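Below: the structure, in structure tokens.
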Amino acid sequence: MAAVPARRRRGVLVAVDGGNSKIDAAVAGTDGELLATARGAGFRPQAAGLDGAVDALAAVIGAALAEAGVPPGDVVHLAAYMANVDLPGEEERLEGLLLARGIAPTAVVGNDTFALLRSAVSEGWGVAVVCGAGINCAGVAPDGRTARFPSLGEHTGDWGGGGALGRAALWHAVRGEDGRGPRTALTGAVAEHFGVDRAIDVGLGVHLGEFDEGRLTGLAPVLIGTAEAGDAVARGVVLRLAEEIALLGSVALRRLGLLDSPADVVLGGGVLAARRPLLMDAVAERYAELAPHARLIVPDDPPLLGAALLGLDHLAAPPAAHAALREAFRRPRVR
């Protein structure tokens, strides 16, 4: 948590980047001065229910305001960019709930992919692909048109992210163990990761409730490491993920009319931010084939910066405010 010395001021912006594993909030002046940040548990309405998830979100916002020494009445705008808010109707519903809580007189809620994009592009347009626990993609054209995907799971044509990698690792591990599939080093790696004797013990443990299914996401780096060590089965899964990441971005570029000219494609989320060589090289190779003019960016700045910049955009803040905010996020005292 970081803050400047507490003092009363008028007209602050609250920005939020909410993911499956954490919620980050920032309080900033409309001039771009960063006043405080705070972090809390993830935004998971699918587990806590929407009301419970909003309670968690409001608590993080309250902590950030307290750290900044700013009373809630001084907030002029809330910019909240959240995972698990994948459809326009879901964004509108959450926006309404936040306005009803009186956190700010105005609010904009969007998917966290837009915050990732804005964190890395100064012009405000391009395409972003998030690959964290799940996978998502969104793009914005120079004229403001957007391209999106449902990103609700395999039933809406989506595959990828740490959850999908973990489930694939367990699937191949069990089949390699019992003979239904090719032998793979994933069998031993999965069992070792969970501290059991056999891969099937993990599957049975999930079924019986001994292991939370969410723990399978922790197998994502295990799978990628096994692939990098030369296992053909694990490598095939990593290459499939690279294909999905490239398809999402290239299709979004095509929908926006940006496929044949230089455009930024921002890659983020925990799986991509780890910059694992096998995955990143495969992603670059597929983009070179599908979207040769794309400029791939893995930003160092956090998506929370993008959420705050989008808030400044909404308030029509001057370029100097945007520059000041970027600089503030890059100081060592800020997470």
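Every chain in the structure tokens has a letter given in the order shown (A, B, ...), and although residue numbers restart at 1 in each chain, ligands are simply numbered from 1 in the order shown.
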Name the residues in contact with stretch 175-183 of chain A at a cut-off of 9 Å, using only C-alpha atoms, excluding same-chain residues fewer than 4 positions from it; report them as a list in words.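 Listing them by chain and then by number gives Leu170, Trp171, Thr187, Gly188, Arg198, Ala199, Ile200 and Val233 of chain A.
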Which residues come within 12 Å of A:Glu91, counting only C-alpha atoms, excluding same-chain residues fewer than 4 positions away, as JSON, numbers by chain? {"A": [79, 80, 81, 82, 83, 84, 85, 86, 87, 95, 96, 97, 98, 107, 108, 109, 110, 111, 112]}
Could you save those same residues with N, CA and C atoms as a compact mmCIF listing (two decimals), in the first residue's frame?
```
# COMPACT_ATOMS: atom_id res chain seq x y z
N ALA A 79 -13.75 4.45 -11.93
CA ALA A 79 -13.44 3.68 -13.14
C ALA A 79 -13.07 2.27 -12.70
N ALA A 80 -13.95 1.30 -12.96
CA ALA A 80 -13.75 -0.06 -12.47
C ALA A 80 -13.70 -1.03 -13.65
N TYR A 81 -12.58 -1.71 -13.80
CA TYR A 81 -12.37 -2.64 -14.91
C TYR A 81 -12.08 -4.01 -14.31
N MET A 82 -13.01 -4.95 -14.58
CA MET A 82 -13.10 -6.16 -13.78
C MET A 82 -13.09 -7.42 -14.64
N ALA A 83 -12.41 -8.45 -14.14
CA ALA A 83 -12.59 -9.79 -14.67
C ALA A 83 -13.96 -10.29 -14.24
N ASN A 84 -14.45 -11.32 -14.92
CA ASN A 84 -15.76 -11.92 -14.63
C ASN A 84 -16.91 -10.95 -14.89
N VAL A 85 -16.63 -9.91 -15.64
CA VAL A 85 -17.66 -8.99 -16.13
C VAL A 85 -17.45 -8.97 -17.64
N ASP A 86 -18.02 -9.95 -18.31
CA ASP A 86 -17.64 -10.23 -19.70
C ASP A 86 -18.63 -9.74 -20.74
N LEU A 87 -19.84 -9.42 -20.36
CA LEU A 87 -20.87 -9.01 -21.29
C LEU A 87 -21.32 -7.58 -20.99
N GLU A 95 -22.26 -1.53 -12.81
CA GLU A 95 -22.20 -0.07 -12.73
C GLU A 95 -23.36 0.47 -11.90
N GLY A 96 -24.55 -0.08 -12.13
CA GLY A 96 -25.72 0.36 -11.38
C GLY A 96 -25.59 0.07 -9.89
N LEU A 97 -25.06 -1.09 -9.54
CA LEU A 97 -24.88 -1.44 -8.13
C LEU A 97 -23.88 -0.52 -7.45
N LEU A 98 -22.81 -0.18 -8.16
CA LEU A 98 -21.80 0.70 -7.57
C LEU A 98 -22.34 2.12 -7.41
N ALA A 107 -19.79 6.67 -12.76
CA ALA A 107 -18.98 5.45 -12.79
C ALA A 107 -19.00 4.86 -14.19
N VAL A 108 -17.89 4.24 -14.56
CA VAL A 108 -17.80 3.45 -15.78
C VAL A 108 -17.24 2.09 -15.39
N VAL A 109 -17.93 1.03 -15.77
CA VAL A 109 -17.48 -0.33 -15.50
C VAL A 109 -17.21 -1.01 -16.83
N GLY A 110 -16.08 -1.69 -16.93
CA GLY A 110 -15.73 -2.42 -18.14
C GLY A 110 -14.96 -3.67 -17.80
N ASN A 111 -14.72 -4.49 -18.80
CA ASN A 111 -13.90 -5.68 -18.61
C ASN A 111 -12.45 -5.27 -18.42
N ASP A 112 -11.72 -6.06 -17.63
CA ASP A 112 -10.34 -5.69 -17.31
C ASP A 112 -9.41 -5.70 -18.52
```
Show me, as number ranges by chain, the residues that have an atom within 12 Å of A:Gly134 when counting only C-alpha atoms, minus same-chain residues fewer than 2 positions from it. A: 19-21, 83-84, 86, 112-113, 129-132, 136-137, 150-154, 158-167, 214, 217, 220, 241, 244-245, 268-272
Going by DSSP on the backbone, which bits of stretch 27-71 of chain A are helix (DSSP H, G or I)? Write them as a compact mmCIF listing (two decimals) with C-alpha atoms, in the first residue's frame, please.
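result.txt written:
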```txt
# COMPACT_ATOMS: atom_id res chain seq x y z
CA PRO A 45 -19.07 -13.16 -8.21
CA GLN A 46 -19.34 -16.75 -9.41
CA ALA A 47 -18.15 -17.91 -5.97
CA ALA A 48 -19.22 -15.15 -3.56
CA GLY A 49 -22.38 -14.03 -5.38
CA LEU A 50 -22.62 -10.58 -6.93
CA ASP A 51 -23.54 -8.82 -3.68
CA GLY A 52 -20.62 -10.45 -1.86
CA ALA A 53 -18.24 -9.57 -4.67
CA VAL A 54 -19.40 -5.94 -4.61
CA ASP A 55 -18.90 -5.88 -0.84
CA ALA A 56 -15.30 -7.00 -1.35
CA LEU A 57 -14.81 -4.38 -4.05
CA ALA A 58 -16.25 -1.60 -1.89
CA ALA A 59 -13.98 -2.63 0.99
CA VAL A 60 -10.85 -2.24 -1.15
CA ILE A 61 -12.04 1.13 -2.41
CA GLY A 62 -12.69 2.22 1.18
CA ALA A 63 -9.20 1.12 2.21
CA ALA A 64 -7.63 3.12 -0.63
CA LEU A 65 -9.59 6.24 0.29
CA ALA A 66 -8.63 5.86 3.95
CA GLU A 67 -4.97 5.46 3.03
CA ALA A 68 -5.17 8.63 0.92
```
If you count only C-alpha atoms, which residues fall within 9 Å of A:Arg145, apart from same-chain ones fewer than 5 positions away, as a CSV table (one decimal) with all heavy atoms, in the first residue's frame?
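Final output, around.csv:
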```
chain,number,residue,atom,x,y,z
A,139,GLY,N,-10.7,-5.3,-28.4
A,139,GLY,CA,-9.9,-4.3,-29.2
A,139,GLY,C,-10.7,-3.0,-29.4
A,139,GLY,O,-12.0,-3.0,-29.3
A,140,VAL,N,-10.0,-1.9,-29.6
A,140,VAL,CA,-10.6,-0.6,-29.8
A,140,VAL,C,-10.0,0.0,-31.1
A,140,VAL,O,-8.8,0.0,-31.2
A,140,VAL,CB,-10.4,0.3,-28.6
A,140,VAL,CG1,-11.0,1.7,-28.9
A,140,VAL,CG2,-11.0,-0.3,-27.3
A,256,LEU,N,-11.8,-5.0,-36.7
A,256,LEU,CA,-11.6,-3.5,-36.6
A,256,LEU,C,-11.0,-2.9,-37.8
A,256,LEU,O,-10.8,-1.7,-37.8
A,256,LEU,CB,-10.8,-3.2,-35.3
A,256,LEU,CG,-11.4,-3.6,-34.0
A,256,LEU,CD1,-10.4,-3.5,-32.8
A,256,LEU,CD2,-12.7,-2.9,-33.7
```
Rounded to one decimal, what separation in Å do you get between atom CA of A:Leu290 and atom CA of A:Ala242?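 One can read the atom CA of A:Leu290 to atom CA of A:Ala242 distance as 12.1 Å.
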Compile the contact shell of A:Asp231 as a PyMOL selection string: residues with an atom at most 9 Å away, counting only C-alpha atoms, same-chain residues fewer than 6 positions apart removed. chain A and resi 184-186
Please report, as a tab-separated table, each residue of stretch 75-137 of chain A lying at most 9 Å from stretch 298-301 of chain A, together with the nearest pair of atoms and the separation in Å rounded to one decimal; use only C-alpha atoms, and order rows by chain and ascending residue number.
```
residue	atom	partner	partner_atom	distance
A:Leu116	CA	A:Pro299	CA	8.5
A:Ser119	CA	A:Asp301	CA	6.4
A:Ala120	CA	A:Pro299	CA	5.9
```
Nearest-residue call for A:Ala189, choices A:Val12, A:Glu92, A:Val27, A:Ala173, using only C-alpha atoms: A:Ala173
